[in-house]
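Novice: Structure: target23.tsv, TSV, N, CA and C atoms.
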```tsv
chain	number	residue	atom	x	y	z
J	1	MET	N	72.77	-13.73	17.86
J	1	MET	CA	71.39	-13.32	17.77
J	1	MET	C	70.55	-14.56	17.59
J	2	SER	N	69.42	-14.61	18.28
J	2	SER	CA	68.57	-15.78	18.20
J	2	SER	C	67.79	-15.77	16.88
J	3	GLU	N	67.24	-16.93	16.55
J	3	GLU	CA	66.48	-17.07	15.30
J	3	GLU	C	65.23	-16.19	15.33
J	4	GLN	N	64.57	-16.12	16.51
J	4	GLN	CA	63.36	-15.29	16.64
J	4	GLN	C	63.70	-13.82	16.44
J	5	SER	N	64.82	-13.37	17.00
J	5	SER	CA	65.24	-11.99	16.86
J	5	SER	C	65.59	-11.68	15.40
J	6	ALA	N	66.22	-12.62	14.72
J	6	ALA	CA	66.57	-12.44	13.31
J	6	ALA	C	65.30	-12.36	12.46
J	7	ASP	N	64.32	-13.20	12.77
J	7	ASP	CA	63.06	-13.16	12.05
J	7	ASP	C	62.35	-11.82	12.27
J	8	SER	N	62.42	-11.33	13.50
J	8	SER	CA	61.78	-10.06	13.83
J	8	SER	C	62.42	-8.93	13.04
J	9	GLU	N	63.76	-8.92	12.99
J	9	GLU	CA	64.46	-7.90	12.21
J	9	GLU	C	64.12	-8.04	10.74
J	10	SER	N	64.06	-9.26	10.25
J	10	SER	CA	63.75	-9.50	8.85
J	10	SER	C	62.33	-9.00	8.54
J	11	LEU	N	61.40	-9.24	9.43
J	11	LEU	CA	60.03	-8.78	9.26
J	11	LEU	C	59.98	-7.24	9.20
J	12	LYS	N	60.70	-6.61	10.12
J	12	LYS	CA	60.75	-5.14	10.12
J	12	LYS	C	61.35	-4.63	8.82
J	13	ASP	N	62.43	-5.27	8.39
J	13	ASP	CA	63.08	-4.86	7.13
J	13	ASP	C	62.12	-5.00	5.96
J	14	GLU	N	61.37	-6.07	5.93
J	14	GLU	CA	60.43	-6.29	4.81
J	14	GLU	C	59.33	-5.23	4.82
J	15	PHE	N	58.81	-4.89	5.99
J	15	PHE	CA	57.79	-3.83	6.06
J	15	PHE	C	58.39	-2.48	5.64
J	16	ARG	N	59.62	-2.21	6.05
J	16	ARG	CA	60.29	-0.98	5.66
J	16	ARG	C	60.44	-0.94	4.13
J	17	LEU	N	60.90	-2.05	3.55
J	17	LEU	CA	61.04	-2.13	2.10
J	17	LEU	C	59.70	-1.95	1.39
J	18	LEU	N	58.66	-2.58	1.94
J	18	LEU	CA	57.32	-2.44	1.37
J	18	LEU	C	56.88	-0.98	1.39
J	19	GLY	N	57.09	-0.31	2.50
J	19	GLY	CA	56.75	1.11	2.62
J	19	GLY	C	57.49	1.95	1.60
J	20	ASN	N	58.79	1.69	1.46
J	20	ASN	CA	59.60	2.44	0.48
J	20	ASN	C	59.12	2.18	-0.94
J	21	THR	N	58.81	0.93	-1.24
J	21	THR	CA	58.33	0.58	-2.58
J	21	THR	C	56.99	1.26	-2.87
J	22	LEU	N	56.07	1.21	-1.92
J	22	LEU	CA	54.77	1.87	-2.10
J	22	LEU	C	54.94	3.37	-2.28
J	23	HIS	N	55.86	3.96	-1.55
J	23	HIS	CA	56.14	5.38	-1.66
J	23	HIS	C	56.62	5.73	-3.07
J	24	ARG	N	57.52	4.94	-3.59
J	24	ARG	CA	58.04	5.17	-4.94
J	24	ARG	C	56.93	4.99	-6.00
J	25	ILE	N	56.08	3.97	-5.81
J	25	ILE	CA	54.98	3.73	-6.76
J	25	ILE	C	54.01	4.91	-6.75
J	26	ILE	N	53.65	5.40	-5.57
J	26	ILE	CA	52.72	6.53	-5.46
J	26	ILE	C	53.32	7.77	-6.10
J	27	ASN	N	54.61	8.02	-5.84
J	27	ASN	CA	55.26	9.18	-6.46
J	27	ASN	C	55.29	9.06	-7.98
J	28	LEU	N	55.59	7.88	-8.47
J	28	LEU	CA	55.64	7.65	-9.91
J	28	LEU	C	54.26	7.88	-10.53
J	29	ALA	N	53.22	7.34	-9.88
J	29	ALA	CA	51.86	7.51	-10.38
J	29	ALA	C	51.46	8.98	-10.35
J	30	TRP	N	51.85	9.69	-9.29
J	30	TRP	CA	51.48	11.09	-9.15
J	30	TRP	C	52.14	11.95	-10.23
J	31	GLU	N	53.35	11.61	-10.56
J	31	GLU	CA	54.10	12.37	-11.56
J	31	GLU	C	53.79	11.94	-12.99
J	32	ASN	N	52.98	10.92	-13.16
J	32	ASN	CA	52.66	10.39	-14.47
J	32	ASN	C	51.95	11.45	-15.31
J	33	PRO	N	52.41	11.68	-16.56
J	33	PRO	CA	51.76	12.68	-17.42
J	33	PRO	C	50.28	12.38	-17.68
J	34	GLU	N	49.91	11.11	-17.74
J	34	GLU	CA	48.51	10.74	-17.97
J	34	GLU	C	47.63	11.21	-16.81
J	35	ARG	N	48.13	11.06	-15.58
J	35	ARG	CA	47.38	11.53	-14.41
J	35	ARG	C	47.21	13.04	-14.47
J	36	LYS	N	48.25	13.73	-14.86
J	36	LYS	CA	48.18	15.19	-14.95
J	36	LYS	C	47.19	15.62	-16.03
J	37	LYS	N	47.16	14.88	-17.13
J	37	LYS	CA	46.23	15.18	-18.22
J	37	LYS	C	44.78	14.99	-17.74
J	38	ILE	N	44.54	13.86	-17.04
J	38	ILE	CA	43.20	13.58	-16.52
J	38	ILE	C	42.79	14.66	-15.52
J	39	GLU	N	43.71	15.05	-14.65
J	39	GLU	CA	43.43	16.10	-13.67
J	39	GLU	C	43.05	17.41	-14.37
J	40	ALA	N	43.80	17.77	-15.40
J	40	ALA	CA	43.50	19.00	-16.15
J	40	ALA	C	42.13	18.92	-16.80
J	41	GLU	N	41.80	17.77	-17.38
J	41	GLU	CA	40.49	17.59	-18.01
J	41	GLU	C	39.37	17.69	-16.99
J	42	LEU	N	39.59	17.09	-15.81
J	42	LEU	CA	38.58	17.16	-14.75
J	42	LEU	C	38.38	18.61	-14.29
J	43	MET	N	39.46	19.32	-14.10
J	43	MET	CA	39.36	20.71	-13.65
J	43	MET	C	38.63	21.56	-14.69
J	44	GLU	N	38.95	21.35	-15.96
J	44	GLU	CA	38.29	22.08	-17.03
J	44	GLU	C	36.80	21.74	-17.09
J	45	GLY	N	36.50	20.44	-16.97
J	45	GLY	CA	35.11	20.00	-17.00
J	45	GLY	C	34.31	20.55	-15.83
J	46	LEU	N	34.89	20.53	-14.64
J	46	LEU	CA	34.20	21.05	-13.46
J	46	LEU	C	33.99	22.56	-13.56
J	47	SER	N	34.96	23.24	-14.12
J	47	SER	CA	34.82	24.69	-14.31
J	47	SER	C	33.68	24.97	-15.29
J	48	GLY	N	33.63	24.20	-16.38
J	48	GLY	CA	32.55	24.37	-17.35
J	48	GLY	C	31.20	24.07	-16.73
J	49	LEU	N	31.14	23.02	-15.91
J	49	LEU	CA	29.90	22.67	-15.23
J	49	LEU	C	29.44	23.82	-14.33
J	50	GLY	N	30.38	24.38	-13.58
J	50	GLY	CA	30.05	25.51	-12.70
J	50	GLY	C	29.52	26.69	-13.48
J	51	ASP	N	30.15	26.97	-14.62
J	51	ASP	CA	29.69	28.08	-15.47
J	51	ASP	C	28.28	27.82	-15.99
J	52	SER	N	28.03	26.58	-16.42
J	52	SER	CA	26.71	26.23	-16.95
J	52	SER	C	25.63	26.36	-15.88
J	53	ILE	N	25.94	25.89	-14.68
J	53	ILE	CA	24.98	25.98	-13.58
J	53	ILE	C	24.69	27.44	-13.24
J	54	SER	N	25.74	28.24	-13.17
J	54	SER	CA	25.55	29.67	-12.87
J	54	SER	C	24.67	30.33	-13.93
J	55	LYS	N	24.94	30.03	-15.20
J	55	LYS	CA	24.16	30.61	-16.29
J	55	LYS	C	22.70	30.18	-16.19
J	56	SER	N	22.48	28.88	-15.92
J	56	SER	CA	21.11	28.37	-15.80
J	56	SER	C	20.37	29.03	-14.65
J	57	ILE	N	21.03	29.19	-13.53
J	57	ILE	CA	20.41	29.84	-12.37
J	57	ILE	C	20.05	31.28	-12.70
J	58	GLN	N	20.97	31.96	-13.35
J	58	GLN	CA	20.71	33.36	-13.71
J	58	GLN	C	19.53	33.46	-14.68
J	59	GLU	N	19.50	32.59	-15.69
J	59	GLU	CA	18.39	32.61	-16.65
J	59	GLU	C	17.07	32.28	-15.97
J	60	PHE	N	17.08	31.29	-15.08
J	60	PHE	CA	15.85	30.90	-14.39
J	60	PHE	C	15.36	32.04	-13.50
J	61	SER	N	16.29	32.69	-12.81
J	61	SER	CA	15.87	33.76	-11.90
J	61	SER	C	15.25	34.92	-12.65
J	62	GLN	N	15.56	35.06	-13.94
J	62	GLN	CA	14.99	36.14	-14.74
J	62	GLN	C	13.72	35.71	-15.48
J	63	SER	N	13.40	34.42	-15.41
J	63	SER	CA	12.20	33.93	-16.09
J	63	SER	C	10.96	34.24	-15.25
J	64	GLU	N	9.80	34.07	-15.86
J	64	GLU	CA	8.53	34.30	-15.16
J	64	GLU	C	8.40	33.35	-13.97
J	65	ALA	N	8.71	32.07	-14.19
J	65	ALA	CA	8.62	31.08	-13.10
J	65	ALA	C	9.57	31.44	-11.97
J	66	GLY	N	10.78	31.87	-12.31
J	66	GLY	CA	11.75	32.26	-11.30
J	66	GLY	C	11.26	33.45	-10.49
J	67	ARG	N	10.68	34.41	-11.17
J	67	ARG	CA	10.14	35.59	-10.46
J	67	ARG	C	8.98	35.20	-9.56
J	68	GLN	N	8.13	34.28	-10.03
J	68	GLN	CA	7.00	33.84	-9.20
J	68	GLN	C	7.50	33.14	-7.94
J	69	ILE	N	8.48	32.28	-8.10
J	69	ILE	CA	9.03	31.58	-6.93
J	69	ILE	C	9.65	32.58	-5.96
J	70	LYS	N	10.39	33.54	-6.50
J	70	LYS	CA	10.99	34.57	-5.65
J	70	LYS	C	9.91	35.33	-4.90
J	71	ASP	N	8.83	35.70	-5.60
J	71	ASP	CA	7.72	36.43	-4.97
J	71	ASP	C	7.08	35.59	-3.86
J	72	GLU	N	6.91	34.29	-4.13
J	72	GLU	CA	6.32	33.40	-3.11
J	72	GLU	C	7.20	33.32	-1.87
J	73	PHE	N	8.51	33.20	-2.08
J	73	PHE	CA	9.41	33.16	-0.93
J	73	PHE	C	9.40	34.48	-0.16
J	74	GLU	N	9.32	35.58	-0.87
J	74	GLU	CA	9.22	36.88	-0.19
J	74	GLU	C	7.93	36.98	0.59
J	75	ASN	N	6.83	36.45	0.05
J	75	ASN	CA	5.55	36.46	0.74
J	75	ASN	C	5.62	35.61	2.01
J	76	ILE	N	6.24	34.44	1.90
J	76	ILE	CA	6.40	33.58	3.09
J	76	ILE	C	7.26	34.28	4.13
J	77	GLU	N	8.33	34.91	3.67
J	77	GLU	CA	9.20	35.62	4.61
J	77	GLU	C	8.43	36.73	5.32
J	78	ARG	N	7.60	37.48	4.58
J	78	ARG	CA	6.80	38.54	5.18
J	78	ARG	C	5.82	37.98	6.20
J	79	LYS	N	5.19	36.85	5.84
J	79	LYS	CA	4.23	36.24	6.76
J	79	LYS	C	4.93	35.76	8.03
J	80	ILE	N	6.11	35.21	7.88
J	80	ILE	CA	6.85	34.75	9.06
J	80	ILE	C	7.17	35.94	9.96
J	81	LYS	N	7.63	37.03	9.35
J	81	LYS	CA	7.96	38.21	10.14
J	81	LYS	C	6.73	38.78	10.84
J	82	ASN	N	5.57	38.66	10.23
J	82	ASN	CA	4.34	39.21	10.80
J	82	ASN	C	3.54	38.16	11.59
J	83	ASN	N	4.09	37.00	11.79
J	83	ASN	CA	3.43	35.90	12.51
J	83	ASN	C	2.16	35.43	11.82
J	84	GLU	N	1.92	35.86	10.59
J	84	GLU	CA	0.73	35.42	9.87
J	84	GLU	C	0.82	33.93	9.55
J	85	LEU	N	1.99	33.49	9.17
J	85	LEU	CA	2.16	32.09	8.81
J	85	LEU	C	1.87	31.19	10.02
J	86	GLN	N	2.36	31.60	11.16
J	86	GLN	CA	2.11	30.83	12.38
J	86	GLN	C	0.62	30.73	12.64
J	87	ASP	N	-0.10	31.82	12.47
J	87	ASP	CA	-1.55	31.81	12.68
J	87	ASP	C	-2.25	30.92	11.66
J	88	GLU	N	-1.80	30.99	10.39
J	88	GLU	CA	-2.39	30.13	9.36
J	88	GLU	C	-2.15	28.66	9.66
J	89	VAL	N	-0.93	28.32	10.05
J	89	VAL	CA	-0.60	26.93	10.36
J	89	VAL	C	-1.43	26.45	11.55
J	90	ARG	N	-1.56	27.28	12.56
J	90	ARG	CA	-2.34	26.92	13.74
J	90	ARG	C	-3.80	26.68	13.36
J	91	SER	N	-4.37	27.58	12.55
J	91	SER	CA	-5.76	27.44	12.13
J	91	SER	C	-5.97	26.17	11.33
J	92	GLU	N	-5.07	25.90	10.38
J	92	GLU	CA	-5.17	24.68	9.57
J	92	GLU	C	-5.02	23.43	10.43
J	93	ALA	N	-4.11	23.47	11.39
J	93	ALA	CA	-3.91	22.32	12.27
J	93	ALA	C	-5.16	22.06	13.09
J	94	ILE	N	-5.80	23.11	13.57
J	94	ILE	CA	-7.04	22.95	14.35
J	94	ILE	C	-8.13	22.32	13.48
J	95	LEU	N	-8.27	22.80	12.24
J	95	LEU	CA	-9.28	22.24	11.34
J	95	LEU	C	-9.01	20.75	11.08
J	96	VAL	N	-7.77	20.40	10.83
J	96	VAL	CA	-7.42	19.00	10.57
J	96	VAL	C	-7.70	18.14	11.80
J	97	LEU	N	-7.31	18.62	12.96
J	97	LEU	CA	-7.54	17.86	14.20
J	97	LEU	C	-9.04	17.69	14.48
J	98	ARG	N	-9.82	18.73	14.23
J	98	ARG	CA	-11.27	18.62	14.42
J	98	ARG	C	-11.86	17.56	13.49
J	99	LYS	N	-11.40	17.56	12.24
J	99	LYS	CA	-11.89	16.57	11.27
J	99	LYS	C	-11.51	15.16	11.71
J	100	ILE	N	-10.27	14.98	12.14
J	100	ILE	CA	-9.83	13.66	12.61
J	100	ILE	C	-10.66	13.22	13.80
J	101	ASN	N	-10.85	14.11	14.76
J	101	ASN	CA	-11.64	13.78	15.95
J	101	ASN	C	-13.08	13.43	15.58
J	102	SER	N	-13.64	14.18	14.67
J	102	SER	CA	-15.02	13.92	14.24
J	102	SER	C	-15.13	12.54	13.61
J	103	GLU	N	-14.19	12.23	12.71
J	103	GLU	CA	-14.22	10.92	12.05
J	103	GLU	C	-13.99	9.79	13.04
J	104	LEU	N	-13.10	10.00	14.01
J	104	LEU	CA	-12.87	8.97	15.04
J	104	LEU	C	-14.11	8.77	15.91
J	105	GLU	N	-14.79	9.86	16.24
J	105	GLU	CA	-16.03	9.76	17.01
J	105	GLU	C	-17.07	8.96	16.24
J	106	LYS	N	-17.20	9.22	14.93
J	106	LYS	CA	-18.15	8.47	14.11
J	106	LYS	C	-17.78	6.99	14.10
J	107	ALA	N	-16.51	6.70	13.95
J	107	ALA	CA	-16.07	5.31	13.93
J	107	ALA	C	-16.34	4.64	15.28
J	108	LEU	N	-16.10	5.37	16.35
J	108	LEU	CA	-16.34	4.83	17.69
J	108	LEU	C	-17.82	4.55	17.89
J	109	GLU	N	-18.68	5.47	17.50
J	109	GLU	CA	-20.13	5.28	17.63
J	109	GLU	C	-20.59	4.10	16.78
J	110	SER	N	-20.07	3.99	15.59
J	110	SER	CA	-20.42	2.87	14.72
J	110	SER	C	-19.97	1.56	15.33
J	111	TRP	N	-18.80	1.55	15.90
J	111	TRP	CA	-18.27	0.33	16.51
J	111	TRP	C	-19.10	-0.05	17.74
J	112	LYS	N	-19.48	0.97	18.56
J	112	LYS	CA	-20.31	0.73	19.74
J	112	LYS	C	-21.67	0.17	19.32
J	113	SER	N	-22.26	0.74	18.29
J	113	SER	CA	-23.57	0.30	17.81
J	113	SER	C	-23.49	-1.16	17.37
J	114	GLY	N	-22.45	-1.51	16.71
J	114	GLY	CA	-22.27	-2.90	16.25
J	114	GLY	C	-22.13	-3.86	17.41
J	115	LYS	N	-21.51	-3.44	18.48
J	115	LYS	CA	-21.32	-4.30	19.66
J	115	LYS	C	-22.63	-4.44	20.44
J	116	GLU	N	-23.42	-3.37	20.50
J	116	GLU	CA	-24.65	-3.40	21.26
J	116	GLU	C	-25.77	-4.13	20.53
J	117	ASN	N	-25.73	-4.14	19.22
J	117	ASN	CA	-26.76	-4.78	18.42
J	117	ASN	C	-26.17	-5.93	17.60
J	118	PRO	N	-25.81	-7.01	18.25
J	118	PRO	CA	-25.26	-8.13	17.47
J	118	PRO	C	-26.36	-8.75	16.60
J	119	GLU	N	-25.97	-9.21	15.43
J	119	GLU	CA	-26.98	-9.77	14.51
J	119	GLU	C	-27.26	-11.18	14.78
```
Let me see the structure of the file written as structure tokens.

Specialist:
Amino acid sequence: MSEQSADSESLKDEFRLLGNTLHRIINLAWENPERKKIEAELMEGLSGLGDSISKSIQEFSQSEAGRQIKDEFENIERKIKNNELQDEVRSEAILVLRKINSELEKALESWKSGKENPE
């Protein structure tokens, strides 16, 4: 066997050994009682967090502010179904565009006046 072929086999063997060693380390870490303890604490903490969030949402939904928000969303939903919201948005957009156009016209006239009457 040539030296290059022996080096190639040796390289393969070393990678194989590295893979086996990493596999054993990962298994050992996974089976570690400390990891299991941390996992249990995380699961318990996340469960508690979920319970707290659910309780907060339920309490908020029963509060005056929660009911007002719910009513507002129902009103928006009704307007969407009746196309009222679309009409309101269109009307507001027209008013805003008219105001912008008016202000731009004033600026244009002012700019023209300044150009025609140099000091």

Novice: What does the distance from CA of Ser110 in chain J to atom C of Arg98 in chain J come to in Å, to one decimal?

Specialist: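 Between CA of Ser110 in chain J and atom C of Arg98 in chain J the gap works out to 17.0 Å.
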
Novice: State, in Å with one decimal place, the distance from CA of Glu88 in chain J to CA of Asn75 in chain J.

Specialist: 13.3 Å

Novice: Quick check, in Å to one decimal: how far apart do CA of Ile100 in chain J and atom C of Glu84 in chain J lie?

Specialist: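 A separation of 23.1 Å between them.
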